[in-house]
>>> print(open('work34.pdb').read())   # PDB, C-alpha atoms
ATOM      1  CA  MET I   1      -0.671  19.612 -13.312
ATOM      2  CA  THR I   2      -1.777  16.770 -11.084
ATOM      3  CA  GLU I   3      -1.242  17.277  -7.383
ATOM      4  CA  TYR I   4      -0.322  14.546  -4.955
ATOM      5  CA  GLU I   5      -0.485  14.097  -1.214
ATOM      6  CA  ILE I   6       1.468  11.806   1.048
ATOM      7  CA  SER I   7      -0.163  10.078   3.984
ATOM      8  CA  SER I   8       0.800   7.529   6.605
ATOM      9  CA  ASP I   9      -2.858   6.722   7.295
ATOM     10  CA  PRO I  10      -3.051   2.926   6.891
ATOM     11  CA  SER I  11      -6.761   3.045   6.037
ATOM     12  CA  ARG I  12      -5.943   4.807   2.746
ATOM     13  CA  LEU I  13      -3.609   2.106   1.450
ATOM     14  CA  ASP I  14      -4.604  -0.005  -1.552
ATOM     15  CA  PRO I  15      -3.143  -3.385  -0.499
ATOM     16  CA  GLU I  16      -4.149  -5.070  -3.743
ATOM     17  CA  LYS I  17      -2.325  -2.467  -5.823
ATOM     18  CA  ILE I  18       0.713  -2.531  -3.536
ATOM     19  CA  HIS I  19       0.923  -6.301  -3.822
ATOM     20  CA  HIS I  20       0.611  -6.160  -7.596
ATOM     21  CA  TRP I  21       3.340  -3.515  -7.917
ATOM     22  CA  LEU I  22       5.797  -5.310  -5.681
ATOM     23  CA  SER I  23       5.141  -8.915  -6.671
ATOM     24  CA  THR I  24       5.263  -8.251 -10.424
ATOM     25  CA  ASP I  25       7.569  -5.242 -10.927
ATOM     26  CA  ALA I  26       9.960  -4.865  -7.979
ATOM     27  CA  TYR I  27      13.127  -6.968  -8.284
ATOM     28  CA  TRP I  28      13.348  -7.433  -4.507
ATOM     29  CA  ALA I  29       9.781  -8.711  -4.084
ATOM     30  CA  LEU I  30       8.976 -10.638  -7.267
ATOM     31  CA  GLY I  31       6.561 -13.424  -6.499
ATOM     32  CA  ARG I  32       5.857 -12.250  -2.952
ATOM     33  CA  SER I  33       2.508 -13.675  -1.862
ATOM     34  CA  ARG I  34      -0.429 -11.457  -1.020
ATOM     35  CA  GLU I  35      -0.533 -12.982   2.455
ATOM     36  CA  LYS I  36       3.141 -12.123   3.033
ATOM     37  CA  GLN I  37       2.616  -8.574   1.723
ATOM     38  CA  ASP I  38      -0.442  -8.007   3.905
ATOM     39  CA  SER I  39       1.542  -9.207   6.913
ATOM     40  CA  ALA I  40       4.384  -6.816   6.043
ATOM     41  CA  ILE I  41       1.951  -3.916   5.771
ATOM     42  CA  ALA I  42       0.349  -4.804   9.110
ATOM     43  CA  GLY I  43       3.703  -4.773  10.903
ATOM     44  CA  SER I  44       5.054  -1.566   9.398
ATOM     45  CA  LEU I  45       4.703   2.199   9.286
ATOM     46  CA  ASN I  46       3.323   2.710   5.772
ATOM     47  CA  PHE I  47       3.288   5.694   3.439
ATOM     48  CA  GLY I  48       1.165   6.189   0.369
ATOM     49  CA  VAL I  49       1.179   8.886  -2.271
ATOM     50  CA  TYR I  50      -2.236   9.730  -3.664
ATOM     51  CA  ASP I  51      -3.588  11.711  -6.575
ATOM     52  CA  VAL I  52      -5.486  14.548  -4.871
ATOM     53  CA  VAL I  53      -8.360  14.544  -7.374
ATOM     54  CA  SER I  54      -8.983  10.829  -7.857
ATOM     55  CA  GLY I  55      -7.607   9.526  -4.557
ATOM     56  CA  VAL I  56      -5.763   6.800  -6.475
ATOM     57  CA  GLN I  57      -2.564   5.569  -4.857
ATOM     58  CA  VAL I  58       0.498   6.157  -7.064
ATOM     59  CA  ALA I  59       3.411   5.257  -4.768
ATOM     60  CA  TYR I  60       4.239   3.347  -1.604
ATOM     61  CA  ALA I  61       6.945   2.929   1.015
ATOM     62  CA  ARG I  62       7.099   1.176   4.334
ATOM     63  CA  VAL I  63       9.319   1.467   7.364
ATOM     64  CA  ILE I  64      10.143  -1.099  10.012
ATOM     65  CA  THR I  65      11.041   0.816  13.150
ATOM     66  CA  ASP I  66      10.969   0.921  16.925
ATOM     67  CA  ARG I  67      10.527   4.727  16.654
ATOM     68  CA  ALA I  68      13.365   5.150  19.145
ATOM     69  CA  THR I  69      16.700   4.013  17.737
ATOM     70  CA  PHE I  70      16.443   2.436  14.295
ATOM     71  CA  ALA I  71      14.442   2.235  11.076
ATOM     72  CA  TRP I  72      14.637   0.192   7.900
ATOM     73  CA  LEU I  73      13.125   1.835   4.819
ATOM     74  CA  CYS I  74      11.879  -0.711   2.310
ATOM     75  CA  ASP I  75       9.427  -1.493  -0.464
ATOM     76  CA  VAL I  76       9.708   1.990  -1.953
ATOM     77  CA  TYR I  77       7.774   1.870  -5.205
ATOM     78  CA  VAL I  78       6.531   4.563  -7.584
ATOM     79  CA  ASP I  79       3.975   3.620 -10.231
ATOM     80  CA  ARG I  80       5.584   3.631 -13.669
ATOM     81  CA  ALA I  81       2.953   6.123 -14.905
ATOM     82  CA  VAL I  82       4.232   8.844 -12.542
ATOM     83  CA  ARG I  83       7.961   8.155 -12.500
ATOM     84  CA  GLY I  84      10.296  10.963 -13.451
ATOM     85  CA  LYS I  85       8.304  13.601 -11.562
ATOM     86  CA  GLY I  86      10.326  13.582  -8.350
ATOM     87  CA  MET I  87       7.781  11.382  -6.590
ATOM     88  CA  GLY I  88      10.404   9.090  -5.056
ATOM     89  CA  VAL I  89      12.307  12.021  -3.578
ATOM     90  CA  ARG I  90       9.092  13.537  -2.202
ATOM     91  CA  LEU I  91       8.022  10.222  -0.688
ATOM     92  CA  VAL I  92      11.349   9.453   0.977
ATOM     93  CA  SER I  93      11.543  13.065   2.212
ATOM     94  CA  ALA I  94       8.160  12.620   3.879
ATOM     95  CA  VAL I  95       9.346   9.382   5.508
ATOM     96  CA  ARG I  96      12.524  11.069   6.764
ATOM     97  CA  ASP I  97      10.582  14.068   8.074
ATOM     98  CA  GLU I  98       8.013  11.936   9.894
ATOM     99  CA  LEU I  99      10.773   9.938  11.581
ATOM    100  CA  ALA I 100      12.909  12.989  12.482
ATOM    101  CA  PRO I 101      11.199  13.688  15.843
ATOM    102  CA  CYS I 102      11.955  10.112  16.951
ATOM    103  CA  GLY I 103      15.673  10.859  17.273
ATOM    104  CA  LEU I 104      16.694   7.681  15.462
ATOM    105  CA  ARG I 105      20.365   6.812  15.321
ATOM    106  CA  ARG I 106      20.034   5.680  11.706
ATOM    107  CA  ILE I 107      17.690   4.810   8.900
ATOM    108  CA  LEU I 108      18.961   2.041   6.646
ATOM    109  CA  LEU I 109      17.871   0.851   3.248
ATOM    110  CA  ALA I 110      19.115  -1.380   0.480
ATOM    111  CA  THR I 111      18.906  -0.524  -3.202
ATOM    112  CA  GLU I 112      20.259  -1.967  -6.399
ATOM    113  CA  ASP I 113      19.492   0.930  -8.697
ATOM    114  CA  ALA I 114      18.252   4.090  -6.944
ATOM    115  CA  HIS I 115      21.362   5.351  -5.165
ATOM    116  CA  GLY I 116      20.982   8.801  -6.738
ATOM    117  CA  VAL I 117      17.458   9.250  -5.390
ATOM    118  CA  TYR I 118      18.518   8.445  -1.847
ATOM    119  CA  ALA I 119      21.766  10.421  -2.036
ATOM    120  CA  LYS I 120      19.719  13.578  -2.716
ATOM    121  CA  LEU I 121      18.223  13.085   0.743
ATOM    122  CA  GLY I 122      21.449  12.465   2.629
ATOM    123  CA  PHE I 123      21.732   8.684   2.418
ATOM    124  CA  GLU I 124      25.261   7.461   1.800
ATOM    125  CA  PRO I 125      27.036   4.109   1.621
ATOM    126  CA  LEU I 126      27.857   2.481   4.937
ATOM    127  CA  SER I 127      31.085   3.940   6.268
ATOM    128  CA  HIS I 128      32.058   0.613   7.838
ATOM    129  CA  PRO I 129      30.278  -2.162   5.947
ATOM    130  CA  GLU I 130      32.588  -4.703   7.558
ATOM    131  CA  ARG I 131      30.716  -4.114  10.828
ATOM    132  CA  TRP I 132      27.392  -5.213   9.351
ATOM    133  CA  MET I 133      26.190  -8.751   8.962
ATOM    134  CA  ALA I 134      23.035 -10.350   7.664
ATOM    135  CA  LEU I 135      21.277 -13.636   8.234
ATOM    136  CA  GLY I 136      19.618 -14.652   4.990
ATOM    137  CA  LEU I 137      16.928 -17.186   5.681
ATOM    138  CA  GLN I 138      15.511 -17.461   2.163
TER     139      GLN I 138
END
>>> encode(input="work34.pdb", output="structure tokens")
Amino acid sequence: MTEYEISSDPSRLDPEKIHHWLSTDAYWALGRSREKQDSAIAGSLNFGVYDVVSGVQVAYARVITDRATFAWLCDVYVDRAVRGKGMGVRLVSAVRDELAPCGLRRILLATEDAHGVYAKLGFEPLSHPERWMALGLQ
């Protein structure tokens, strides 16, 4: 069985692969430019999942956070070749665990189709969605 490791070391990321995954196969990022993706990576806390033997990146997530009060989990993507092996749960668990010592008030995310994955880790719908607002600029 293939083993995987999770790292937040930005030097291990494969930006070209991440861009390809997100811009061609992630409904929330279709068509995102490489420049925009590289900028997002540069301004975020990033997590990669890597095949231990080959070193190939097989999953990605990024977090926008002040590391004090708030975090936004986004761009969670698992390569189609390794889906169904619990990789998403392992990745989001690692994100949650790395952020735990920060004492954040909340970690938010948005998903169209992976509610079950996040619910396994304690995420739940907003208890008062009427308190939240968004400014959509694009």
>>> residues_near_point(input="work34.pdb", point="(11.8, -1.7, 10.2)", cutoff="9 Å", atoms="all atoms listed in the file", output="ChimeraX atom specification")
/I:43-45,62-66,70-74,107-108
>>> closest_residue(input="work34.pdb", among="I:Pro129, I:Gly48, I:Pro10, I:Gly116", to="Val76 (chain I)", atoms="all atoms listed in the file")
I:Gly48
>>> atom_distance(input="work34.pdb", atom1="CA of Asp79 (chain I)", atom2="CA of Thr111 (chain I)")
17.0 Å
>>> residues_around(input="work34.pdb", residues="Arg12 (chain I)", least_positions_apart="6", cutoff="10 Å", atoms="only C-alpha atoms", output="NGL selection string")
:I and (46-50 or 55-57)
>>> resolve_selection(input="work34.pdb", expression="the PyMOL selection byres ((chain I and resi 123) around 12)", output="count of residues only")
24
>>> atom_distance(input="work34.pdb", atom1="CA of Ala59 (chain I)", atom2="CA of Asp25 (chain I)")
12.9 Å
>>> closest_residue(input="work34.pdb", among="I:Met87, I:Met133, I:Ala100, I:Val82", to="Ala61 (chain I)", atoms="all atoms listed in the file")
I:Met87
>>> residues_around(input="work34.pdb", residues="region 29-36 of chain I", least_positions_apart="2", cutoff="10 Å", atoms="all atoms listed in the file", output="PyMOL selection string")
chain I and resi 15-16+18-27+38-42+75
>>> atom_distance(input="work34.pdb", atom1="CA of Asp97 (chain I)", atom2="CA of Tyr60 (chain I)")
15.8 Å
>>> resolve_selection(input="work34.pdb", expression="the PyMOL selection byres ((chain I and resi 103) around 10)", output="ChimeraX atom specification")
/I:67-70,99-102,104-106
>>> resolve_selection(input="work34.pdb", expression="the PyMOL selection byres ((chain I and resi 5) around 8)", output="number ranges by chain")
I: 3-4, 6-7, 49-52
>>> write_last_selection(input="work34.pdb", atoms="C-alpha atoms", output="PDB file, in the frame of the given file")
ATOM      1  CA  GLU I   3      -1.242  17.277  -7.383  1.00  0.00           C
ATOM      2  CA  TYR I   4      -0.322  14.546  -4.955  1.00  0.00           C
ATOM      3  CA  ILE I   6       1.468  11.806   1.048  1.00  0.00           C
ATOM      4  CA  SER I   7      -0.163  10.078   3.984  1.00  0.00           C
ATOM      5  CA  VAL I  49       1.179   8.886  -2.271  1.00  0.00           C
ATOM      6  CA  TYR I  50      -2.236   9.730  -3.664  1.00  0.00           C
ATOM      7  CA  ASP I  51      -3.588  11.711  -6.575  1.00  0.00           C
ATOM      8  CA  VAL I  52      -5.486  14.548  -4.871  1.00  0.00           C
TER       9      VAL I  52
END
